[in-house]
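Student: Got a file for you: my_file-v3.cif, mmCIF, C-alpha atoms and all ligand atoms.
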```cif
data_final
loop_
_atom_site.label_atom_id
_atom_site.label_comp_id
_atom_site.auth_asym_id
_atom_site.auth_seq_id
_atom_site.Cartn_x
_atom_site.Cartn_y
_atom_site.Cartn_z
CA MET A 1 -46.14 44.62 56.63
CA THR A 2 -47.99 47.66 55.36
CA VAL A 3 -47.92 48.61 51.70
CA LYS A 4 -47.58 52.18 50.57
CA THR A 5 -50.79 53.49 49.02
CA PRO A 6 -52.08 54.46 46.56
CA ILE A 7 -51.03 51.42 44.56
CA TYR A 8 -50.61 51.99 40.83
CA LEU A 9 -52.12 49.21 38.69
CA ASP A 10 -52.88 51.30 35.61
CA TYR A 11 -49.73 50.88 33.50
CA ALA A 12 -51.85 50.53 30.34
CA ALA A 13 -53.05 54.12 30.83
CA THR A 14 -49.58 55.55 31.31
CA CYS A 15 -46.33 54.78 33.12
CA PRO A 16 -43.95 56.69 35.34
CA VAL A 17 -40.88 57.75 33.39
CA ASP A 18 -37.96 55.44 34.17
CA PRO A 19 -35.34 57.44 36.15
CA ARG A 20 -32.66 56.34 33.64
CA VAL A 21 -34.77 57.89 30.88
CA VAL A 22 -35.06 61.16 32.82
CA ASP A 23 -31.24 61.24 33.14
CA THR A 24 -30.90 60.74 29.40
CA MET A 25 -33.33 63.57 28.67
CA LEU A 26 -32.07 66.26 31.05
CA PRO A 27 -28.98 67.53 29.18
CA PHE A 28 -31.10 68.20 26.10
CA PHE A 29 -33.04 70.94 27.87
CA THR A 30 -30.24 73.26 28.97
CA GLN A 31 -26.97 72.11 27.38
CA MET A 32 -27.61 70.32 24.10
CA TYR A 33 -30.62 72.39 23.17
CA GLY A 34 -29.99 72.72 19.44
CA ASN A 35 -32.62 72.36 16.74
CA ALA A 36 -32.07 69.01 15.03
CA ALA A 37 -32.74 70.75 11.70
CA SER A 38 -29.91 73.28 12.17
CA ARG A 39 -27.19 72.21 9.76
CA THR A 40 -24.76 75.07 10.32
CA HIS A 41 -23.42 74.49 13.83
CA SER A 42 -22.55 71.88 16.43
CA PHE A 43 -25.68 72.49 18.54
CA GLY A 44 -27.76 71.27 15.62
CA TRP A 45 -25.45 68.36 14.84
CA THR A 46 -25.53 67.18 18.47
CA ALA A 47 -29.31 67.26 18.52
CA GLU A 48 -29.50 65.49 15.16
CA GLN A 49 -27.13 62.80 16.45
CA ALA A 50 -29.40 62.18 19.46
CA VAL A 51 -32.43 61.93 17.18
CA ASP A 52 -30.59 59.53 14.86
CA ASN A 53 -29.60 57.33 17.81
CA ALA A 54 -33.20 57.16 19.02
CA ARG A 55 -34.41 56.39 15.49
CA ALA A 56 -31.92 53.53 15.28
CA GLU A 57 -33.10 52.09 18.62
CA ILE A 58 -36.72 52.02 17.48
CA ALA A 59 -35.88 50.64 14.05
CA ARG A 60 -33.76 47.88 15.61
CA THR A 61 -36.59 46.90 17.96
CA LEU A 62 -38.97 46.48 14.99
CA GLY A 63 -36.53 44.93 12.52
CA ALA A 64 -36.88 48.09 10.43
CA ASP A 65 -34.63 50.69 8.81
CA PRO A 66 -34.13 54.00 10.69
CA LYS A 67 -35.39 55.86 7.59
CA GLU A 68 -38.77 54.18 8.17
CA ILE A 69 -39.40 55.92 11.51
CA THR A 70 -41.42 59.16 11.60
CA TRP A 71 -41.63 61.06 14.91
CA THR A 72 -45.04 62.19 16.10
CA SER A 73 -46.63 63.59 19.26
CA GLY A 74 -47.91 60.15 20.30
CA ALA A 75 -49.94 57.21 19.15
CA THR A 76 -53.08 59.27 18.56
CA GLU A 77 -51.23 61.33 15.97
CA SER A 78 -49.52 58.23 14.53
CA ASN A 79 -52.90 56.57 14.02
CA ASN A 80 -54.29 59.73 12.38
CA LEU A 81 -51.28 60.04 10.10
CA ALA A 82 -51.38 56.36 9.12
CA ILE A 83 -55.10 56.10 8.42
CA LYS A 84 -55.88 59.52 6.97
CA GLY A 85 -52.48 59.50 5.27
CA VAL A 86 -53.19 56.32 3.28
CA VAL A 87 -56.76 57.25 2.37
CA GLU A 88 -55.99 60.85 1.43
CA TYR A 89 -53.03 59.76 -0.69
CA VAL A 90 -55.42 57.53 -2.61
CA LEU A 91 -58.01 60.29 -2.89
CA SER A 92 -55.38 62.74 -4.14
CA GLY A 93 -55.34 60.64 -7.29
CA GLU A 94 -51.72 59.56 -6.91
CA ALA A 95 -52.60 55.91 -6.38
CA ARG A 96 -55.10 53.44 -7.84
CA THR A 97 -58.77 54.29 -7.37
CA GLU A 98 -61.61 51.88 -7.97
CA GLY A 99 -64.54 53.72 -6.51
CA ARG A 100 -64.71 54.96 -2.93
CA PRO A 101 -61.76 53.90 -0.83
CA HIS A 102 -62.57 51.17 1.71
CA VAL A 103 -60.98 50.65 5.13
CA ILE A 104 -61.31 47.60 7.41
CA THR A 105 -60.86 47.84 11.15
CA LEU A 106 -62.22 46.29 14.39
CA VAL A 107 -65.04 47.41 16.68
CA THR A 108 -62.61 47.02 19.61
CA GLU A 109 -60.00 49.49 18.34
CA HIS A 110 -58.81 52.46 20.41
CA LYS A 111 -60.82 55.67 19.93
CA ALA A 112 -57.84 57.18 18.12
CA VAL A 113 -58.49 54.68 15.31
CA LEU A 114 -62.30 54.58 15.52
CA ASP A 115 -62.78 58.35 15.58
CA THR A 116 -60.35 58.76 12.67
CA CYS A 117 -62.37 56.19 10.70
CA LYS A 118 -65.63 57.95 11.61
CA TYR A 119 -64.13 61.19 10.32
CA LEU A 120 -63.17 59.53 7.03
CA GLU A 121 -66.66 58.04 6.68
CA ARG A 122 -68.08 61.56 6.76
CA HIS A 123 -65.70 62.42 3.91
CA GLY A 124 -66.50 59.70 1.42
CA THR A 125 -64.67 56.62 2.68
CA ASP A 126 -66.38 53.28 3.36
CA VAL A 127 -65.37 51.63 6.61
CA THR A 128 -66.07 48.07 7.77
CA TYR A 129 -65.91 47.54 11.54
CA LEU A 130 -65.38 43.81 12.06
CA PRO A 131 -66.65 42.16 15.24
CA VAL A 132 -64.50 40.05 17.58
CA ASP A 133 -65.36 36.74 19.24
CA ALA A 134 -65.98 36.19 22.96
CA GLN A 135 -62.21 35.99 23.49
CA GLY A 136 -61.68 39.37 21.82
CA LEU A 137 -60.06 37.84 18.73
CA VAL A 138 -60.52 38.28 15.00
CA THR A 139 -59.22 35.76 12.43
CA ALA A 140 -57.22 36.39 9.29
CA ALA A 141 -59.97 34.61 7.36
CA GLU A 142 -62.52 37.17 8.57
CA ILE A 143 -60.23 39.97 7.40
CA ALA A 144 -59.76 38.25 4.04
CA ALA A 145 -63.51 37.89 3.59
CA ALA A 146 -64.03 41.61 4.20
CA ILE A 147 -61.47 42.76 1.61
CA THR A 148 -62.99 44.18 -1.59
CA PRO A 149 -61.30 45.56 -4.74
CA CYS A 150 -61.71 49.02 -3.14
CA THR A 151 -59.97 48.13 0.13
CA VAL A 152 -56.92 50.35 0.59
CA LEU A 153 -56.17 49.79 4.28
CA VAL A 154 -56.60 47.25 7.07
CA SER A 155 -56.05 48.66 10.57
CA VAL A 156 -55.98 46.07 13.37
CA MET A 157 -54.52 46.80 16.79
CA PHE A 158 -51.63 44.59 17.88
CA ALA A 159 -52.92 44.22 21.45
CA ASN A 160 -56.05 45.66 23.01
CA ASN A 161 -55.61 48.35 25.65
CA GLU A 162 -58.54 47.16 27.79
CA THR A 163 -58.04 43.39 27.70
CA GLY A 164 -54.44 42.92 26.53
CA VAL A 165 -55.58 40.44 23.85
CA ILE A 166 -53.02 40.07 21.04
CA GLN A 167 -54.41 39.61 17.51
CA PRO A 168 -52.87 37.14 15.00
CA MET A 169 -50.62 39.75 13.39
CA ALA A 170 -48.55 37.58 11.04
CA GLU A 171 -51.63 35.83 9.63
CA ILE A 172 -53.47 39.10 9.05
CA GLY A 173 -50.34 40.60 7.53
CA GLN A 174 -50.06 37.69 5.10
CA VAL A 175 -53.65 38.17 3.95
CA CYS A 176 -53.13 41.90 3.40
CA ARG A 177 -49.85 41.43 1.53
CA ALA A 178 -51.38 38.78 -0.74
CA ARG A 179 -54.20 41.20 -1.66
CA SER A 180 -51.90 44.28 -1.90
CA VAL A 181 -53.73 46.07 0.91
CA VAL A 182 -51.74 48.31 3.27
CA PHE A 183 -51.63 46.86 6.80
CA HIS A 184 -51.54 49.29 9.73
CA THR A 185 -51.39 48.28 13.38
CA ASP A 186 -51.83 50.36 16.52
CA ALA A 187 -49.10 48.64 18.52
CA THR A 188 -49.09 51.14 21.38
CA GLN A 189 -49.71 48.49 24.05
CA ALA A 190 -47.53 45.76 22.53
CA PHE A 191 -44.45 47.73 21.47
CA GLY A 192 -41.62 47.16 23.93
CA LYS A 193 -43.53 44.39 25.71
CA VAL A 194 -43.51 41.56 23.15
CA PRO A 195 -41.21 40.93 20.17
CA ILE A 196 -42.33 42.63 16.94
CA ASP A 197 -40.91 41.94 13.48
CA VAL A 198 -42.44 44.18 10.82
CA ASP A 199 -41.11 41.99 7.99
CA GLY A 200 -42.08 38.67 9.53
CA MET A 201 -45.55 40.05 10.26
CA SER A 202 -45.92 41.92 6.93
CA ILE A 203 -46.72 45.15 8.78
CA ASP A 204 -46.63 48.32 6.64
CA LEU A 205 -47.49 50.99 9.23
CA LEU A 206 -47.12 50.72 13.03
CA SER A 207 -48.08 53.25 15.72
CA MET A 208 -46.13 53.63 18.98
CA SER A 209 -46.10 55.90 22.01
CA ALA A 210 -43.32 56.60 24.53
CA HIS A 211 -45.41 57.02 27.67
CA LYS A 212 -46.72 53.43 27.59
CA ILE A 213 -43.14 52.13 27.88
CA TYR A 214 -41.68 54.35 30.66
CA GLY A 215 -40.84 57.26 28.36
CA PRO A 216 -42.24 60.81 28.43
CA LYS A 217 -45.78 61.76 27.39
CA GLY A 218 -46.39 63.62 24.15
CA VAL A 219 -43.95 61.78 21.88
CA GLY A 220 -44.48 58.78 19.64
CA ALA A 221 -43.61 57.41 16.25
CA LEU A 222 -45.03 55.83 13.14
CA TYR A 223 -43.18 53.09 11.28
CA VAL A 224 -43.70 53.63 7.52
CA ARG A 225 -42.52 50.81 5.22
CA ARG A 226 -40.18 52.10 2.49
CA ARG A 227 -39.67 49.04 0.35
CA LYS A 228 -41.50 45.88 -0.72
CA PRO A 229 -43.85 47.72 -0.94
CA ARG A 230 -43.20 51.42 -0.46
CA VAL A 231 -46.09 52.96 1.50
CA ARG A 232 -47.08 56.50 0.55
CA LEU A 233 -48.86 58.86 2.93
CA ALA A 234 -50.50 62.26 2.58
CA ALA A 235 -48.95 64.45 5.29
CA GLN A 236 -51.31 65.79 7.95
CA MET A 237 -48.93 68.51 9.15
CA HIS A 238 -47.30 70.87 6.66
CA GLY A 239 -44.49 73.32 7.24
CA GLY A 240 -40.89 72.63 6.36
CA GLY A 241 -41.03 69.03 5.22
CA HIS A 242 -39.38 67.45 8.25
CA GLU A 243 -39.46 63.66 8.60
CA ARG A 244 -39.18 63.05 4.82
CA GLY A 245 -42.24 65.18 4.29
CA ASN A 246 -44.40 62.94 6.47
CA ARG A 247 -44.65 65.30 9.44
CA SER A 248 -43.41 68.86 9.63
CA GLY A 249 -42.45 70.60 12.85
CA THR A 250 -39.35 71.10 14.99
CA LEU A 251 -38.47 67.81 16.65
CA ASN A 252 -38.95 67.42 20.42
CA VAL A 253 -35.32 66.40 20.96
CA PRO A 254 -35.38 65.76 24.75
CA SER A 255 -38.47 63.57 24.46
CA ILE A 256 -37.16 61.75 21.39
CA ALA A 257 -33.88 61.01 23.18
CA GLY A 258 -35.91 59.75 26.15
CA PHE A 259 -38.14 57.64 23.91
CA GLY A 260 -35.06 56.06 22.33
CA ASP A 261 -33.59 55.21 25.73
CA ALA A 262 -36.93 53.82 26.96
CA VAL A 263 -37.06 51.57 23.89
CA ARG A 264 -33.48 50.41 24.41
CA ILE A 265 -34.23 49.48 28.04
CA ALA A 266 -37.46 47.75 27.04
CA ARG A 267 -35.71 45.69 24.36
CA GLU A 268 -32.70 44.76 26.49
CA THR A 269 -34.77 43.74 29.53
CA MET A 270 -37.75 42.25 27.69
CA PRO A 271 -37.21 38.53 28.48
CA GLU A 272 -36.63 38.99 32.25
CA GLU A 273 -39.10 41.82 32.68
CA SER A 274 -41.96 40.14 30.87
CA ALA A 275 -41.36 36.93 32.87
CA ARG A 276 -41.43 38.87 36.16
CA ILE A 277 -44.52 40.88 35.22
CA ARG A 278 -46.30 37.81 33.90
CA GLY A 279 -45.48 36.04 37.18
CA LEU A 280 -47.10 38.82 39.22
CA ARG A 281 -50.10 38.95 36.89
CA ASP A 282 -50.61 35.19 37.07
CA HIS A 283 -50.25 35.27 40.86
CA LEU A 284 -52.98 37.92 41.08
CA TYR A 285 -55.16 36.04 38.59
CA GLU A 286 -54.80 32.73 40.42
CA ARG A 287 -55.58 34.31 43.80
CA LEU A 288 -58.69 36.09 42.43
CA MET A 289 -59.98 32.90 40.83
CA ALA A 290 -59.26 30.75 43.89
CA GLU A 291 -60.65 33.14 46.50
CA ASN A 292 -63.76 34.51 44.78
CA GLU A 293 -66.71 32.82 43.11
CA HIS A 294 -68.28 34.01 39.86
CA VAL A 295 -65.30 35.96 38.57
CA PHE A 296 -64.39 35.80 34.89
CA LEU A 297 -61.34 36.66 32.83
CA ASN A 298 -62.13 38.89 29.85
CA GLY A 299 -60.02 37.90 26.84
CA SER A 300 -58.16 34.84 25.70
CA TYR A 301 -55.59 33.90 28.38
CA GLU A 302 -53.34 32.31 25.72
CA HIS A 303 -53.15 35.61 23.82
CA LEU A 304 -52.62 38.12 26.64
CA LEU A 305 -49.88 40.71 27.05
CA PRO A 306 -47.86 39.86 30.19
CA GLY A 307 -49.15 42.72 32.37
CA HIS A 308 -52.89 42.79 31.58
CA LEU A 309 -55.70 41.38 33.70
CA ASN A 310 -59.33 42.28 32.97
CA ILE A 311 -61.76 40.59 35.34
CA SER A 312 -65.54 40.72 35.76
CA PHE A 313 -67.01 40.31 39.25
CA ALA A 314 -70.62 39.14 38.81
CA TYR A 315 -73.37 40.38 41.15
CA ILE A 316 -71.43 43.45 42.20
CA GLU A 317 -72.09 47.02 41.34
CA GLY A 318 -69.03 48.34 39.53
CA GLU A 319 -69.16 51.77 41.11
CA SER A 320 -69.28 50.37 44.65
CA LEU A 321 -66.29 48.17 43.89
CA LEU A 322 -64.31 51.12 42.55
CA MET A 323 -65.23 53.16 45.61
CA ALA A 324 -64.05 50.35 47.89
CA LEU A 325 -60.75 50.22 45.98
CA LYS A 326 -60.08 53.94 46.11
CA ASP A 327 -56.48 53.32 47.24
CA VAL A 328 -55.77 51.34 44.09
CA ALA A 329 -55.32 53.10 40.74
CA LEU A 330 -57.02 50.91 38.16
CA SER A 331 -59.54 51.23 35.33
CA SER A 332 -63.11 50.01 35.29
CA GLY A 333 -65.28 48.50 32.58
CA SER A 334 -67.22 51.73 32.50
CA ALA A 335 -66.31 54.86 30.62
CA CYS A 336 -67.51 58.22 31.79
CA THR A 337 -69.28 59.99 28.96
CA SER A 338 -70.62 63.49 29.43
CA ALA A 339 -73.95 62.35 30.80
CA SER A 340 -73.63 58.84 32.14
CA LEU A 341 -71.47 55.83 32.90
CA GLU A 342 -71.30 53.78 29.69
CA PRO A 343 -70.28 50.12 29.76
CA SER A 344 -67.03 49.46 27.89
CA TYR A 345 -67.65 49.03 24.14
CA VAL A 346 -64.73 46.60 24.01
CA LEU A 347 -66.24 44.26 26.61
CA LYS A 348 -69.70 44.59 25.06
CA ALA A 349 -68.24 43.62 21.69
CA MET A 350 -67.01 40.42 23.36
CA GLY A 351 -70.58 39.61 24.36
CA LEU A 352 -70.65 40.84 27.96
CA ASN A 353 -73.94 42.28 29.13
CA ASP A 354 -74.04 45.79 30.63
CA GLU A 355 -73.95 44.50 34.23
CA LEU A 356 -70.86 42.34 33.73
CA ALA A 357 -69.11 45.08 31.75
CA HIS A 358 -69.82 47.58 34.54
CA SER A 359 -68.49 45.18 37.17
CA SER A 360 -65.16 44.70 35.38
CA LEU A 361 -61.76 45.91 36.46
CA ARG A 362 -58.65 46.36 34.33
CA MET A 363 -55.54 45.83 36.42
CA THR A 364 -52.28 46.41 34.57
CA ILE A 365 -48.97 45.50 36.14
CA GLY A 366 -45.65 47.08 35.24
CA ARG A 367 -41.96 47.59 35.90
CA PHE A 368 -42.35 48.98 39.42
CA THR A 369 -45.15 46.70 40.71
CA THR A 370 -44.21 44.51 43.70
CA LEU A 371 -45.53 41.19 45.01
CA GLU A 372 -46.64 42.96 48.21
CA GLU A 373 -48.78 45.37 46.18
CA VAL A 374 -50.38 42.57 44.19
CA ASP A 375 -51.11 40.59 47.36
CA HIS A 376 -52.59 43.66 49.01
CA VAL A 377 -54.94 44.17 46.05
CA ALA A 378 -55.98 40.49 46.13
CA ASP A 379 -56.72 40.84 49.89
CA LEU A 380 -58.74 44.01 49.30
CA LEU A 381 -60.74 42.46 46.49
CA LYS A 382 -61.54 39.34 48.50
CA ARG A 383 -62.75 41.44 51.44
CA HIS A 384 -64.83 43.90 49.44
CA VAL A 385 -66.27 41.43 46.93
CA THR A 386 -67.52 39.36 49.87
CA ARG A 387 -68.87 42.44 51.70
CA LEU A 388 -70.63 43.92 48.66
CA ARG A 389 -72.21 40.60 47.77
CA GLU A 390 -73.52 40.16 51.29
CA MET A 391 -75.40 43.43 50.74
CA SER A 392 -76.75 42.37 47.36
CA PRO A 393 -80.25 40.89 47.02
CA LEU A 394 -79.24 39.37 43.69
CA TRP A 395 -76.40 37.50 45.35
CA GLU A 396 -78.78 36.16 47.98
CA MET A 397 -81.01 34.77 45.25
CA VAL A 398 -78.01 33.18 43.51
CA GLN A 399 -77.05 31.56 46.82
CA ASP A 400 -80.61 30.24 47.11
CA GLY A 401 -80.19 28.58 43.74
CA ILE A 402 -82.58 30.84 41.86
CA ASP A 403 -81.78 31.14 38.15
CA LEU A 404 -81.74 34.91 37.60
CA ASN A 405 -82.37 34.46 33.88
CA SER A 406 -85.72 32.82 34.62
CA ILE A 407 -87.05 35.82 36.51
CA GLN A 408 -89.50 38.20 34.88
CA TRP A 409 -88.30 41.60 36.03
CA ALA A 410 -90.80 44.43 36.28
CA ALA A 411 -90.45 46.85 33.40
CA HIS A 412 -88.63 50.06 34.21
C1 LIG A 501 -52.57 54.95 24.86
C2 LIG A 501 -53.03 54.44 23.55
C3 LIG A 501 -53.20 55.30 22.45
C4 LIG A 501 -52.99 56.78 22.55
O1 LIG A 501 -51.64 57.09 22.68
P1 LIG A 501 -51.16 58.59 22.98
O2 LIG A 501 -49.68 58.54 22.78
O3 LIG A 501 -51.55 58.83 24.40
O4 LIG A 501 -51.83 59.48 22.02
C5 LIG A 501 -53.60 54.74 21.26
N1 LIG A 501 -53.82 53.42 21.13
C6 LIG A 501 -53.67 52.57 22.16
C7 LIG A 501 -53.92 51.11 21.95
C8 LIG A 501 -53.27 53.05 23.40
O5 LIG A 501 -53.14 52.19 24.40
#
```
Would you mind writing the file's structure down as structure tokens?
Tutor:
Amino acid sequence: MTVKTPIYLDYAATCPVDPRVVDTMLPFFTQMYGNAASRTHSFGWTAEQAVDNARAEIARTLGADPKEITWTSGATESNNLAIKGVVEYVLSGEARTEGRPHVITLVTEHKAVLDTCKYLERHGTDVTYLPVDAQGLVTAAEIAAAITPCTVLVSVMFANNETGVIQPMAEIGQVCRARSVVFHTDATQAFGKVPIDVDGMSIDLLSMSAHKIYGPKGVGALYVRRRKPRVRLAAQMHGGGHERGNRSGTLNVPSIAGFGDAVRIARETMPEESARIRGLRDHLYERLMAENEHVFLNGSYEHLLPGHLNISFAYIEGESLLMALKDVALSSGSACTSASLEPSYVLKAMGLNDELAHSSLRMTIGRFTTLEEVDHVADLLKRHVTRLREMSPLWEMVQDGIDLNSIQWAAH
């Protein structure tokens, strides 16, 4: 049997929109096109009703109140609003100030968090970037040890986009709550894939995005806790005071309706879908480990999202492997910067050397992945890993039992 190519194994980057979600969205373009802020006619009321329904779906999925959901353009904006919003509210003098505000985050966060923190550092905020262990994990005790009297915010991602590793949310939340520090999480990868309970996990702010859960691109949300304790944010977007003053701008009603439906589907199908996706992921993982030598899983297997698999293939040049897999859409452990191919900072933070980081692949499985596709990718990898290693002088030395670490390489 032949499989249709290209094969999409990059669901952590984005997803196709579920056809049911498209159907939900369509009427809002040409029939129910009102502005949700129009209070004087039925077009507005219909749009507002759709927005309210979507808000309720998201709130229900988090164990939150609909009033605690603020619409945004995606998780990048949600992270900006959460992090700058907390710090700038403090700096505006409305909240306690004991010196320069201090933020704690992880070295393995998404750029939307790291670049926002870098920006704040240039404007008088202190930021601590905590390391992770070889499994990609941080502990609540490490967070607790980093908290100072000036700490106003802890931002720790729920699950990592490159490895799928899930952090101990409830434990970190407990530490933050006990020290009265606001706890934000970028839950873009985890939301809709694993159960989340903002009260049980003491989460105060939580970023989400529709396009990672089969909704449209360009819409997201931020959960903002309203009681016990009430979290206050400085708005980043001004102009009309929409979203309880948190984020002005006319709401993207079709996308919000689609986001709500995507969340409903994700919540209702979560047990079966995560079991099916996990089954495919484990099948791929077991085949790769059984059929290839010197391959390593990046991240703690016990703490992985169901669809993530990040694997290093030692003694292989990452670029050659990607080239050989050109019919498979996946991500590599290298990021293209303007000038060169940089090894992934997430994998490096877990202790991988540049070579292993470069020879890593992120394969993410989703709703529309089939067993045939996964088997085809395992076949391809087996064939090309073997072929590329046969061409590699390093591999030959490994086969001859030479310890590569003992070799004095010529300086270059
Ligand atoms: C995709 C992603 C983002 C960015 O989300 P957008 O909605 O595309 O802005 C942020 N954080 C994580 C962890 C992501 O996976």
Student: Around all the atoms of ligand LIG 501 (chain A) listed in the file, with 5 Å of room on each side, what axis-aligned box do you get, giving centre and edge lengths in Å to one decimal, as lines of an AutoDock Vina configuration file?
Tutor:
```
center_x = -51.8
center_y = 55.3
center_z = 23.0
size_x = 14.2
size_y = 18.4
size_z = 13.7
```
Student: Give the residues close to ligand LIG 501 (chain A), within 10 Å, counting all atoms listed in the file; write them as a count of residues only.
Tutor: 44
Student: Would you list the contacts of region 358-361 of chain A as a CSV table (one decimal) with C-alpha atoms, in the frame of the given file, taking every protein, DNA or RNA residue within 6 Å and counting all atoms listed in the file, but skipping same-chain residues closer than 4 positions in sequence?
Tutor:
```csv
chain,number,residue,atom,x,y,z
A,310,ASN,CA,-59.3,42.3,33.0
A,311,ILE,CA,-61.8,40.6,35.3
A,312,SER,CA,-65.5,40.7,35.8
A,313,PHE,CA,-67.0,40.3,39.2
A,317,GLU,CA,-72.1,47.0,41.3
A,318,GLY,CA,-69.0,48.3,39.5
A,331,SER,CA,-59.5,51.2,35.3
A,332,SER,CA,-63.1,50.0,35.3
A,333,GLY,CA,-65.3,48.5,32.6
A,334,SER,CA,-67.2,51.7,32.5
A,343,PRO,CA,-70.3,50.1,29.8
```
Student: Between A:Ala329, A:Val152, A:Val253, A:Ala235, single out the one closest to Gln31 (chain A), counting all atoms listed in the file.
Tutor: A:Val253
Student: Of the residues A:Ala59, A:Leu330, A:Val182, A:Met363, which is the one nearest to Leu233 (chain A), using only C-alpha atoms?
Tutor: A:Val182
Student: Which distance in Å separates CA of Asn292 (chain A) and CA of Lys382 (chain A), to one decimal?
Tutor: 6.5 Å
Student: Give me the residues within 9 Å of region 385-394 of chain A as a list in words, counting all atoms listed in the file and dropping any in the same chain fewer than 4 places off.
Tutor: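 These residues fall inside the cut-off: Asn292, Phe313, Tyr315, Ile316, Glu317, Ser320, Leu321, Leu380, Leu381, Val398, Gln399 and Leu404 of chain A.
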Student: For Ala141 (chain A), which of A:Gly241, A:Pro168, A:Gly299, A:Gly124 is the closest residue, counting only C-alpha atoms?
Tutor: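 Going through A:Gly241, A:Pro168, A:Gly299, A:Gly124 one by one, the smallest distance to Ala141 (chain A) is for A:Pro168.
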Student: Report the distance between CA of His123 (chain A) and CA of Ser155 (chain A) in Å, rounded to one decimal place.
Tutor: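 That distance, rounded to one decimal, is 18.1 Å.
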Student: Choose the residue, out of A:Ala234, A:Ala262, A:Thr163, A:Pro229, that has the smallest atom-to-atom separation from Ala357 (chain A); count only C-alpha atoms.
Tutor: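 Of A:Ala234, A:Ala262, A:Thr163, A:Pro229, the one nearest Ala357 (chain A), counting only C-alpha atoms, is A:Thr163.
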Student: Point out the residue among A:Val224, A:Leu62, A:Val138, A:Met32 with the least atom-to-atom distance to Ile83 (chain A), counting all atoms listed in the file.
Tutor: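 Among the listed residues, A:Val224 lies closest to Ile83 (chain A).
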Student: Between A:Arg100, A:Arg226, A:Lys118, A:Arg179, which has the minimum distance to Ala144 (chain A) (counting all atoms listed in the file)?
Tutor: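 Among A:Arg100, A:Arg226, A:Lys118, A:Arg179, it is A:Arg179 that comes nearest to Ala144 (chain A).
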Student: Between CA of Phe29 (chain A) and CA of Phe259 (chain A), what is the distance, to one decimal in Å?
Tutor: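 Here the two named atoms are 14.8 Å from each other.
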Student: Residues proximal to (-56.8, 37.9, 21.1) were defined as those with any atom within 7 Å of that point in the file's coordinates, counting all atoms listed in the file. Which are they, as a VMD selection string?
Tutor: chain A and resid 135 to 137 165 to 167 299 to 300 303 to 304
Student: Write out as a JSON list (two decimals) with C-alpha atoms, in the coordinates of the input which residues come within 10 Å of region 119-121 of chain A when counting all atoms listed in the file, dropping same-chain ones fewer than 2 positions away.
Tutor:
```json
[["chain", "number", "residue", "atom", "x", "y", "z"],
["A", 83, "ILE", "CA", -55.10, 56.10, 8.42],
["A", 84, "LYS", "CA", -55.88, 59.52, 6.97],
["A", 87, "VAL", "CA", -56.76, 57.25, 2.37],
["A", 88, "GLU", "CA", -55.99, 60.85, 1.43],
["A", 101, "PRO", "CA", -61.76, 53.90, -0.83],
["A", 102, "HIS", "CA", -62.57, 51.17, 1.71],
["A", 103, "VAL", "CA", -60.98, 50.65, 5.13],
["A", 113, "VAL", "CA", -58.49, 54.68, 15.31],
["A", 114, "LEU", "CA", -62.30, 54.58, 15.52],
["A", 115, "ASP", "CA", -62.78, 58.35, 15.58],
["A", 116, "THR", "CA", -60.35, 58.76, 12.67],
["A", 117, "CYS", "CA", -62.37, 56.19, 10.70],
["A", 123, "HIS", "CA", -65.70, 62.42, 3.91],
["A", 124, "GLY", "CA", -66.50, 59.70, 1.42],
["A", 125, "THR", "CA", -64.67, 56.62, 2.68],
["A", 126, "ASP", "CA", -66.38, 53.28, 3.36],
["A", 127, "VAL", "CA", -65.37, 51.63, 6.61]]
```
Student: Do you know which residues are at most 10 Å from region 276-290 of chain A counting only C-alpha atoms, after dropping those on the same chain fewer than 4 positions away, and could you put them as a compact mmCIF listing (two decimals) with C-alpha atoms, keeping the file's coordinate frame?
Tutor:
```
# COMPACT_ATOMS: atom_id res chain seq x y z
CA MET A 270 -37.75 42.25 27.69
CA PRO A 271 -37.21 38.53 28.48
CA GLU A 272 -36.63 38.99 32.25
CA HIS A 294 -68.28 34.01 39.86
CA VAL A 295 -65.30 35.96 38.57
CA PHE A 296 -64.39 35.80 34.89
CA LEU A 297 -61.34 36.66 32.83
CA LEU A 304 -52.62 38.12 26.64
CA LEU A 305 -49.88 40.71 27.05
CA PRO A 306 -47.86 39.86 30.19
CA GLY A 307 -49.15 42.72 32.37
CA HIS A 308 -52.89 42.79 31.58
CA LEU A 309 -55.70 41.38 33.70
CA ASN A 310 -59.33 42.28 32.97
CA ILE A 311 -61.76 40.59 35.34
CA PHE A 313 -67.01 40.31 39.25
CA MET A 363 -55.54 45.83 36.42
CA THR A 364 -52.28 46.41 34.57
CA ILE A 365 -48.97 45.50 36.14
CA GLY A 366 -45.65 47.08 35.24
CA ARG A 367 -41.96 47.59 35.90
CA PHE A 368 -42.35 48.98 39.42
CA THR A 369 -45.15 46.70 40.71
CA THR A 370 -44.21 44.51 43.70
CA LEU A 371 -45.53 41.19 45.01
CA GLU A 372 -46.64 42.96 48.21
CA GLU A 373 -48.78 45.37 46.18
CA VAL A 374 -50.38 42.57 44.19
CA ASP A 375 -51.11 40.59 47.36
CA HIS A 376 -52.59 43.66 49.01
CA VAL A 377 -54.94 44.17 46.05
CA ALA A 378 -55.98 40.49 46.13
CA ASP A 379 -56.72 40.84 49.89
CA LEU A 381 -60.74 42.46 46.49
CA LYS A 382 -61.54 39.34 48.50
```
Student: List as JSON, numbers by chain: which residues have an atom within 6 Å of (-47.3, 65.4, 11.9), counting only C-alpha atoms?
Tutor: {"A": [72, 236, 237, 247, 248]}
